[in-house]
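Worksheet: the structure to be examined is printed underneath.
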There are 2 protein chains.
Amino acid sequence: MFLYPWYCGTKMLGMFCARAFSLAGCRTATRARSLHVFPGMTVAQIDEEVAKLLELKVKLGGDEGKHQFVLKTAKGTRDYNPKQMAIREKVFNTIISCFKRHGAETIDTPVFELKETLTGKYGEDSKLIYDLKDQGGELLSLRYDLTVPFARYLAMNKITNIKRYHIAKVYRRDNPAMTRGRYREFYQCDFDIAGQYDAMIPDAECLRIVHEILSELDLGDFRIKVNDRRILDGMFAVCGVPDDKFRTICSTVDKLDKMPWEEVKKEMVNEKGLSEEAADQIGEYVSMQGGKDLAERLLQDQKMSQSKQACAGLSDIKLLFSYLELFKVTDKVVFDLSLARGLDYYTGIIYEAVLTQAGVALVCTDAQNGAEESVSVGSVAGGGRYDGLVGMFDPKGRKVPCVGVSIGIERIFSIMEQKAEASAEKVRTTEVQIMVASAQKNLLEERLKLVSELWNAGIKADISRADLIDEIRRRTSEV
Amino acid sequence: MFLYPWYCGTKMLGMFCARAFSLAGCRTATRARSLHVFPGMTVAQIDEEVAKLLELKVKLGGDEGKHQFVLKTAKGTRDYNPKQMAIREKVFNTIISCFKRHGAETIDTPVFELKETLTGKYGEDSKLIYDLKDQGGELLSLRYDLTVPFARYLAMNKITNIKRYHIAKVYRRDNPAMTRGRYREFYQCDFDIAGQYDAMIPDAECLRIVHEILSELDLGDFRIKVNDRRILDGMFAVCGVPDDKFRTICSTVDKLDKMPWEEVKKEMVNEKGLSEEAADQIGEYVSMQGGKDLAERLLQDQKMSQSKQACAGLSDIKLLFSYLELFKVTDKVVFDLSLARGLDYYTGIIYEAVLTQAGVALVCTDAQNGAEESVSVGSVAGGGRYDGLVGMFDPKGRKVPCVGVSIGIERIFSIMEQKAEASAEKVRTTEVQIMVASAQKNLLEERLKLVSELWNAGIKADISRADLIDEIRRRTSEV
């Protein structure tokens with residue numbers, strides 16, 4: 001009944017393979033001879049030639065033979081089995097409860113956006129965006145995060161004030177490291193506050209949310225690093241980084257959580273062309289960590305205080321810490337000048353949460369550098385303020401100030417999975433309350449009637465196959 | 001701080017636009033002149049030429065100028081605002097409760113699969129599959145349904161027995177009709193039973209599930225049409241359709257819910273080359289509807305009874321109806337010989353549910369054919385038996401019998417949205433229990449302390465902006 005094109009590659013239905021091939025055979029020569037390529041072609045002419053060539057390629061059998069069918073999921077992705085789904089549901093419930101406790105609404109956006117919507121938002125990371133094939137019509141890309149679609153949504157609907165969460169998968173053509181919870185398809189749980197508020201109030205709420213969620217998930221100790229783009233820019237300015245190198249040097253600083261300072265410095269000097277002196281000055285600042293006191297000290301710093309931007313950022317950090325004290329979360333928050341975050345769109349405060357407990361670091365024993373630091377566990381949440389992003393989409397450039405946080409849960413799943421495996425507790429994957437069975441092959445009608453009545457009464461019930469007593473035993477022991 | 005490439009189209013970061021253009025200018029002529037196209041090219045040569053041409057196109061500015069930035073979602077897709085999300089959550093809860101009541105586990109699979117995984121599964125609908133751009137690495141496509149990924153999952157993990165549900169978005173490059181709830185990105189809620197069971201037991205359970213869900217969602221009256229691929233094939237055989245035209249004629253029969261018989265017949269005869277006589281005989285059968293009695297009558301039918309396949313299908317329909325009687329759902333189920341379903345992979349029973357209430361048909365007043373039939377509301381659920389699909393993925397071809405149903409909820413959302421708009425009841429989009437506010441600008445610290453204590457106690461609370469009394473009023477009136 002089915003003809004499966006096991007050896008026929010990717011393009012044709014099995015039934016038509018043979019015919020398509022013979023057709024191709026007799027037409028190839030004609031087609032190829034009728035192709036012309038002139039010097040000084042226009043875009044339209046190129047499009048036409050490309051279409052002709054691709055048509056010819058299909059007739060020749062295309063990439064046929066190169067590929068052999070492999071039974072797997074796409075690189076960097078994975079299925080979730082019922083046990084993993086049970087764990088995932090638990091994690092989501094904790095996170096959603098927290099978002100709802102803070103009065104957030106939720107929205108959803110499509111998995112792909114117009115390519116133009118994503119263009120120019122992610123800096124050097126743009127190369128990691130998945131594009132869809134041009135099959136006629138619009139040029140599309142898979143979403144890279146939930147923040148840019150959110151900003152597009154706000155501009156499109158002229159919304160100037162909302163507190164919303166959005167839980168969905170995002171896509172990055174990154175180098176996957178799946179044992180460490182790094183995937184090409186992964187969930188983000190985003191919480192954002194858009195609108196004009198008193199300075200640092202929504203920013204403090206985002207940090208409070210990270211604190212609540214990581215505490216409730218019970219993943220061991222954690223730290224939330226905080227910095228500000230204006231402090232980074234001010235620091236670059238006073239250290240003598242040329243204006244047009246701020247973003248690229250920022251991307252390099254962002255690698256400090258994965259590489260030691262010496263390598264970061266080397267990249268700055270050798271690849272990005274920064275002077276050794278400027279790099280060294282940056283090196284001094286990015287080693288600083290502290291709290292409100294550090295912000296106060298830097299406001300007095302002879303060099304740093306020369307930058308208006310840096311001072312604005314430092315004053316806000318001070319204000320932020322005073323609110324964090326009221327929220328009782330300063331125990332986990334650290335003002336850390338090495339925190340950069342790669343994305344282009346941040347304009348103010350930025351933050352990132354890392355798990356620091358030794359037990360958790362076990363997940364990362366396959367890290368490249370032998371010496372295992374607690375920091376190398378990697379970030380499980382991050383975010384910041386992006387006051388310019390909505391204005392990029394608004395036809396009149398109207399700005400809507402926004403701040404938000406994204407919980408990256410794949411790593412959290414990995415840890416919860418390890419925990420579940422280590423514990424004796426069985427993860428239930430169904431909620432069956434009653435299993436209807438009989439010890440003999442008859443009574444089928446009675447079983448069907450009974451289970452039907454149970455369903456009517458809203459009771460979770462299942463019928464077992466009479467011929468598979470083992471199956472019954474397995475399932476009833478689960479119940 | 002941000003440079004947004006508003007007029008720069010799709011490819012380049014705003015900052016580098018000017019430089020890239022001038023570079024393109026001086027190189028174009030050289031590049032174009034160095035292109036050669038020989039007659040009788042090989043695939044490798046074509047690939048090379050295509051790459052050269054596309055490179056040249058990028059340097060020329062590509063599709064630049066054709067596009068202008070538009071603030072919209074991709075064609076055939078939409079955002080869900082908080083109100084729509086609240087309705088969506090309600091629908092999902094009803095559906096998931098039903099799946100869990102029937103003892104199902106849940107899984108999740110990636111949004112894209114290897115292109116080869118989807119090849120040869122969807123017949124004439126394959127042209128609607130979204131492909132990802134070849135950016136190096138694997139060739140990928142967005143999933144077209146949840147059934148093929150499920151079969152791939154079973155084969156990959158050697159699972160021979162599972163009852164699972166999966167709720168996720170699927171993608172089809174179809175002609176969207178969004179006012180009628182037809183999108184290019186849409187949710188499917190799938191429930192499937194894999195494994196060797198007594199005949200028609202899991203099939204009957206799937207129909208029972210459709211009945212439960214459509215009753216609970218309270219969408220007005222509905223009908224579940226049932227048929228069997230073996231009956232269709234037997235019917236085609238005895239009506240004189242050549243073997244190699246079964247699938248394509250089946251696709252044409254599938255259009256009977258959208259086109260009148262005359263047009264369907266015309267397509268069979270004029271486009272698919274069927275004889276007028278055969279078409280007329282098919283026309284007689286596909287007008288038949290009934291219950292168990294119709295199956296019994298057709299088993300006696302002089303022509304139909306000549307086909308072993310048809311008889312096997314008809315006996316199973318009889319058995320199915322006897323179980324549906326026990327499940328008390330025969331009131332809505334109709335044995336309908338015109339039901340075909342387009343997908344290639346079905347091997348036995350097939351079914352489709354349609355809403356029949358007049359009020360619901362309102363949604364479709366923009367239908368092409370003036371006369372509005374209740375049937376034109378379109379299907380809200382469909383499925384069937386696919387005993388061969390898992391075997392297509394298994395390296396040794398081992399089969400796992402499967403039957404399942406897919407609830408298509410976009411149309412259901414549309415109806416629920418219309419209902420919500422018509423009713424006076426307000427849809428709440430947050431769950432805030434307490435709004436902390438003060439009538440004056442001071443007391444900020446006190447408000448923050450208070451809301452922090454409320455959050456600690458697990459109470460859903462929000463702080464309002466002191467400067468926006470209107471905002472407070474709006475929100476508190478919601479609460």
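Naming scheme: A, B, ... for chains in displayed order of the structure tokens; residues 1 onward per chain; ligands 1 onward as shown.
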
**Prompt:** Excluding same-chain residues fewer than 5 positions from region 158-161 of chain B, what lies within 6 Å of it counting only C-alpha atoms, as JSON, numbers by chain?
**Reply:** {"B": [194, 195, 400]}

Please, could you write that set of residues out with all heavy atoms as a PDB file, in the first residue's frame?
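Saved file selection-v2.pdb follows:
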```pdb
ATOM      1  N   ALA B 194      -1.026   3.574  20.247  1.00  0.00           N
ATOM      2  CA  ALA B 194      -0.172   2.683  19.476  1.00  0.00           C
ATOM      3  C   ALA B 194      -0.119   1.337  20.172  1.00  0.00           C
ATOM      4  O   ALA B 194      -0.037   1.274  21.395  1.00  0.00           O
ATOM      5  CB  ALA B 194       1.233   3.266  19.359  1.00  0.00           C
ATOM      6  N   GLY B 195      -0.182   0.258  19.410  1.00  0.00           N
ATOM      7  CA  GLY B 195      -0.064  -1.071  20.005  1.00  0.00           C
ATOM      8  C   GLY B 195      -1.115  -2.022  19.470  1.00  0.00           C
ATOM      9  O   GLY B 195      -2.069  -1.610  18.816  1.00  0.00           O
ATOM     10  N   VAL B 400       3.972  -0.997  13.829  1.00  0.00           N
ATOM     11  CA  VAL B 400       3.255  -0.783  15.078  1.00  0.00           C
ATOM     12  C   VAL B 400       1.892  -0.199  14.703  1.00  0.00           C
ATOM     13  O   VAL B 400       1.808   0.896  14.175  1.00  0.00           O
ATOM     14  CB  VAL B 400       4.010   0.207  16.005  1.00  0.00           C
ATOM     15  CG1 VAL B 400       3.195   0.459  17.271  1.00  0.00           C
ATOM     16  CG2 VAL B 400       5.393  -0.311  16.363  1.00  0.00           C
TER      17      VAL B 400
END
```

**Message:** Counting only C-alpha atoms, which residue out of B:Lys127, B:Arg180, B:Arg447, B:Lys133 sits closest to chain A?
**Reply:**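 Closest to chain A, using only C-alpha atoms: B:Lys133.
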
**Item:** DSSP-assigned strand (DSSP E) among region 69-266 of chain A, expressed as a ChimeraX atom specification
**Value:** /A:105-106,112-114,140-142,162-171,185-194,222-228

**Request:** Rank A:Leu337, A:Val432, A:Ile463, A:Val264 by their smallest atom-to-atom distance to chain B, using only C-alpha atoms, and report the top residue only.
**Result:**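 The closest residue to chain B is A:Val432.
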
**Option closest in space to Phe335 (chain B), from B:Cys98, B:Met435, B:Met392, B:Ile224 [counting only C-alpha atoms]** = B:Ile224

**Request:** Pick out the residues sitting within 12 Å of Leu343 (chain B), and hand them over as a ChimeraX atom specification; count only C-alpha atoms, and ignore anything fewer than 3 positions along from it in its own chain.
**Result:** /A:2 /B:120-126,144-145,147-148,229,247-248,250-252,254,340,346-347,350,382-386,389

**Asked** Smallest atom-to-atom distance to chain A: which of B:Met85, B:Leu443, B:Leu214, B:Leu256, using only C-alpha atoms?
**Response**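 The closest residue to chain A is B:Met85.
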
**Message:** List as a list in words the protein and nucleic acid residues near region 269-275 of chain B, meaning an atom at most 9 Å away when only C-alpha atoms are counted, but skip any in the same chain fewer than 6 places from it.
**Reply:**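 Within the cut-off, the hits are Gly240, Val241, Pro242, Lys245, Thr248, Ile249 and Thr252 of chain B.
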